[in-house]
Amino acid sequence: MTEHDYEPIPGLPGLLPKDERILWQGAPDWRVLARTAFHTRLVKGYFALLGAWALAAAIARGLHGLGDLSGVALTAMFGILAIGLLNLLAWGAAKTTLYTLTNRRIVLRIGVAFSKCINLPLSRVGTLGLATYADGSGDVPIALTGDRKLGYLALWPHARPWHVSTPQPMLRAVPDAAEVAALLGRTCLAANPHGQLVPPAPVAQAETGFTGAIAA
């Protein structure tokens, strides 16, 4: 049994008011989260380079060096350990995360060690973004209006990368990201009738750029 078993509604801090209803719920794909937030591919490449360097050094020492490949073995061991730990963290982050969209707000239930719910009223949504990966998963950053700011570290990894001074909450590594972004856009437009929908331009992957979806 976990603390989430005590939630009156999964992903929400309390019961919904009578005029509020859930439109969508989803969570990150932990494998995509591992690649994009915990950068497992980059870490694999780093340890592969270290291993190649250790092997080249052994070859340079000749037959005696080839007989002692402890450096290569240690590099491989630490690499496997690091990748395993990062994958475990990504799995834990995805397992404890639930994104919820209602007709009045977006709720992020996040946190592995300490769970918290972040309520984002639709009236505070300034712009939405969309960027996708080849498998259709992707990220949806949410720029907020108003003076109140959220802490980047409190949001991470559910925060748009590199936006530290003005943190943006982000629905990260969600499957069928384009459909999710479209639903968020329509819901935000219903709550902000003066906004506008901007068709997104294609981008290569989620960390190369974002396109505006809603302008309040």
# chains A, B, ... in the order shown; residues from 1 in each chain; ligands from 1

call {"tool": "residues_around", "arguments": {"residues": "Leu74 in chain A", "least_positions_apart": "5", "cutoff": "12 Å", "atoms": "only C-alpha atoms", "output": "ChimeraX atom specification"}}
result
/A:47-48,50-51,54-55,68-69,79-81

call {"tool": "residues_around", "arguments": {"residues": "Thr187 in chain A", "least_positions_apart": "5", "cutoff": "10 Å", "atoms": "only C-alpha atoms", "output": "number ranges by chain"}}
result
A: 23, 101-105, 122, 181-182, 192-193

call {"tool": "select_by_dssp", "arguments": {"residues": "range 75-151 of chain A", "states": "strand (DSSP E or B)", "output": "MDAnalysis selection string"}}
result
chainID A and resid 98:102 105:110 116:121 125:132 138:144

call {"tool": "closest_residue", "arguments": {"among": "A:His158, A:Lys44, A:Arg109, A:His39", "to": "Pro13 in chain A", "atoms": "only C-alpha atoms"}}
result
A:Arg109

call {"tool": "select_by_dssp", "arguments": {"residues": "chain A", "states": "helix (DSSP H, G or I)", "output": "PyMOL selection string"}}
result
chain A and resi 3-6+30-36+40-60+63-66+70-95+122-124+152-155+177-191

call {"tool": "write_last_selection", "arguments": {"atoms": "C-alpha atoms", "output": "short mmCIF file (atom, residue, chain, number, x, y, z; two decimals), in the first residue's frame"}}
result
data_model
loop_
_atom_site.label_atom_id
_atom_site.label_comp_id
_atom_site.auth_asym_id
_atom_site.auth_seq_id
_atom_site.Cartn_x
_atom_site.Cartn_y
_atom_site.Cartn_z
CA GLU A 3 0.25 7.02 0.00
CA HIS A 4 -1.53 7.23 -3.39
CA ASP A 5 -3.96 4.55 -2.23
CA TYR A 6 -5.50 7.16 0.05
CA TRP A 30 9.45 5.68 -18.24
CA ARG A 31 11.68 4.55 -21.11
CA VAL A 32 11.25 7.87 -22.92
CA LEU A 33 11.69 9.70 -19.62
CA ALA A 34 14.95 7.84 -19.03
CA ARG A 35 16.29 8.90 -22.42
CA THR A 36 15.13 12.50 -22.39
CA THR A 40 20.75 7.53 -20.39
CA ARG A 41 21.97 7.50 -23.99
CA LEU A 42 24.46 10.26 -23.24
CA VAL A 43 25.70 8.40 -20.18
CA LYS A 44 26.04 5.19 -22.24
CA GLY A 45 28.12 7.07 -24.77
CA TYR A 46 30.31 8.54 -22.03
CA PHE A 47 31.10 5.16 -20.51
CA ALA A 48 31.61 3.66 -23.97
CA LEU A 49 34.28 6.29 -24.64
CA LEU A 50 35.92 5.60 -21.28
CA GLY A 51 35.91 1.88 -22.03
CA ALA A 52 37.42 2.44 -25.47
CA TRP A 53 40.10 4.66 -23.93
CA ALA A 54 40.96 2.02 -21.31
CA LEU A 55 41.12 -0.67 -24.01
CA ALA A 56 43.33 1.50 -26.23
CA ALA A 57 45.66 2.10 -23.28
CA ALA A 58 45.87 -1.66 -22.67
CA ILE A 59 46.65 -2.31 -26.35
CA ALA A 60 49.34 0.39 -26.28
CA LEU A 63 50.70 -8.14 -24.51
CA HIS A 64 51.25 -7.34 -20.84
CA GLY A 65 48.62 -4.63 -21.01
CA LEU A 66 46.10 -6.90 -22.71
CA SER A 70 40.77 -4.39 -15.11
CA GLY A 71 40.28 -0.80 -16.27
CA VAL A 72 37.90 -1.88 -19.01
CA ALA A 73 36.03 -4.18 -16.62
CA LEU A 74 35.69 -1.45 -13.97
CA THR A 75 34.46 1.03 -16.58
CA ALA A 76 31.85 -1.45 -17.82
CA MET A 77 30.75 -2.23 -14.27
CA PHE A 78 30.31 1.41 -13.31
CA GLY A 79 28.57 2.12 -16.61
CA ILE A 80 26.04 -0.68 -16.07
CA LEU A 81 25.47 0.51 -12.50
CA ALA A 82 24.94 4.12 -13.58
CA ILE A 83 22.53 3.21 -16.39
CA GLY A 84 20.62 0.87 -14.10
CA LEU A 85 20.28 3.55 -11.42
CA LEU A 86 19.10 6.17 -13.93
CA ASN A 87 16.54 3.75 -15.37
CA LEU A 88 15.33 2.98 -11.86
CA LEU A 89 14.92 6.69 -11.11
CA ALA A 90 13.03 7.20 -14.37
CA TRP A 91 10.76 4.25 -13.61
CA GLY A 92 10.08 5.59 -10.11
CA ALA A 93 9.34 9.09 -11.42
CA ALA A 94 6.93 7.73 -14.04
CA LYS A 95 5.29 5.32 -11.58
CA LEU A 122 -6.74 26.99 -16.96
CA SER A 123 -7.24 30.73 -16.47
CA ARG A 124 -3.50 31.00 -15.73
CA TYR A 152 12.35 24.64 -11.10
CA LEU A 153 13.79 22.06 -8.71
CA ALA A 154 10.37 21.42 -7.20
CA LEU A 155 9.04 20.62 -10.69
CA ALA A 177 1.58 13.78 -27.30
CA ALA A 178 -0.03 15.51 -30.29
CA GLU A 179 -3.49 14.28 -29.30
CA VAL A 180 -2.92 15.29 -25.67
CA ALA A 181 -1.73 18.76 -26.71
CA ALA A 182 -4.75 19.19 -28.98
CA LEU A 183 -7.12 18.26 -26.15
CA LEU A 184 -5.36 20.66 -23.79
CA GLY A 185 -5.56 23.36 -26.43
CA ARG A 186 -9.29 22.91 -26.96
CA THR A 187 -9.91 22.87 -23.22
CA CYS A 188 -7.84 26.01 -22.66
CA LEU A 189 -9.70 27.75 -25.49
CA ALA A 190 -13.00 26.90 -23.84
CA ALA A 191 -11.74 28.48 -20.62
#

call {"tool": "atom_distance", "arguments": {"atom1": "CA of Arg21 in chain A", "atom2": "CA of Pro169 in chain A"}}
result
21.6 Å

call {"tool": "residues_around", "arguments": {"residues": "range 161-166 of chain A", "least_positions_apart": "3", "cutoff": "9 Å", "atoms": "only C-alpha atoms", "output": "count of residues only"}}
result
10

call {"tool": "atom_distance", "arguments": {"atom1": "CA of Leu144 in chain A", "atom2": "CA of Thr97 in chain A"}}
result
20.6 Å

call {"tool": "decode", "arguments": {"residues": "range 86-163 of chain A", "atoms": "C-alpha atoms", "output": "compact mmCIF listing (two decimals), in the first residue's frame"}}
result
# COMPACT_ATOMS: atom_id res chain seq x y z
CA LEU A 86 19.10 6.17 -13.93
CA ASN A 87 16.54 3.75 -15.37
CA LEU A 88 15.33 2.98 -11.86
CA LEU A 89 14.92 6.69 -11.11
CA ALA A 90 13.03 7.20 -14.37
CA TRP A 91 10.76 4.25 -13.61
CA GLY A 92 10.08 5.59 -10.11
CA ALA A 93 9.34 9.09 -11.42
CA ALA A 94 6.93 7.73 -14.04
CA LYS A 95 5.29 5.32 -11.58
CA THR A 96 4.51 8.10 -9.08
CA THR A 97 3.40 10.67 -11.67
CA LEU A 98 -0.13 11.25 -12.86
CA TYR A 99 -1.18 14.16 -15.05
CA THR A 100 -4.85 15.17 -14.93
CA LEU A 101 -6.81 17.55 -17.13
CA THR A 102 -10.24 18.74 -16.04
CA ASN A 103 -12.48 21.37 -17.54
CA ARG A 104 -11.07 23.83 -14.98
CA ARG A 105 -7.43 22.97 -14.31
CA ILE A 106 -4.35 20.87 -15.00
CA VAL A 107 -3.06 18.88 -12.05
CA LEU A 108 0.42 17.39 -11.78
CA ARG A 109 0.79 14.75 -9.09
CA ILE A 110 4.54 14.28 -8.92
CA GLY A 111 7.31 13.29 -6.53
CA VAL A 112 9.04 10.01 -5.76
CA ALA A 113 10.11 10.56 -2.15
CA PHE A 114 7.63 13.32 -1.33
CA SER A 115 4.43 13.39 -3.37
CA LYS A 116 2.77 16.70 -4.15
CA CYS A 117 -0.08 17.94 -6.32
CA ILE A 118 0.41 21.10 -8.38
CA ASN A 119 -2.83 22.75 -9.50
CA LEU A 120 -2.66 24.91 -12.63
CA PRO A 121 -5.95 26.74 -13.25
CA LEU A 122 -6.74 26.99 -16.96
CA SER A 123 -7.24 30.73 -16.47
CA ARG A 124 -3.50 31.00 -15.73
CA VAL A 125 -2.34 29.13 -18.83
CA GLY A 126 -0.64 31.60 -21.15
CA THR A 127 0.73 29.27 -23.83
CA LEU A 128 1.05 25.57 -24.43
CA GLY A 129 3.78 23.97 -26.48
CA LEU A 130 4.29 20.68 -28.25
CA ALA A 131 7.31 18.70 -29.32
CA THR A 132 7.30 15.04 -30.28
CA TYR A 133 9.66 12.13 -30.70
CA ALA A 134 9.66 9.57 -33.50
CA ASP A 135 7.45 7.15 -31.55
CA GLY A 136 4.70 9.76 -31.08
CA SER A 137 5.47 10.47 -27.45
CA GLY A 138 6.51 13.98 -26.50
CA ASP A 139 6.46 16.92 -24.15
CA VAL A 140 3.86 19.62 -23.55
CA PRO A 141 5.28 22.64 -21.69
CA ILE A 142 2.88 25.05 -20.01
CA ALA A 143 3.76 28.75 -19.72
CA LEU A 144 1.79 30.46 -16.99
CA THR A 145 0.63 34.03 -16.61
CA GLY A 146 0.74 36.07 -13.40
CA ASP A 147 3.48 36.92 -10.93
CA ARG A 148 3.48 33.66 -8.97
CA LYS A 149 6.29 31.36 -10.07
CA LEU A 150 6.93 27.69 -9.46
CA GLY A 151 10.34 26.42 -8.41
CA TYR A 152 12.35 24.64 -11.10
CA LEU A 153 13.79 22.06 -8.71
CA ALA A 154 10.37 21.42 -7.20
CA LEU A 155 9.04 20.62 -10.69
CA TRP A 156 11.96 18.67 -12.15
CA PRO A 157 11.87 16.47 -14.17
CA HIS A 158 8.41 17.83 -15.03
CA ALA A 159 9.85 21.18 -16.12
CA ARG A 160 10.85 22.53 -19.50
CA PRO A 161 14.65 22.21 -19.87
CA TRP A 162 16.81 25.32 -19.54
CA HIS A 163 13.95 27.57 -18.37
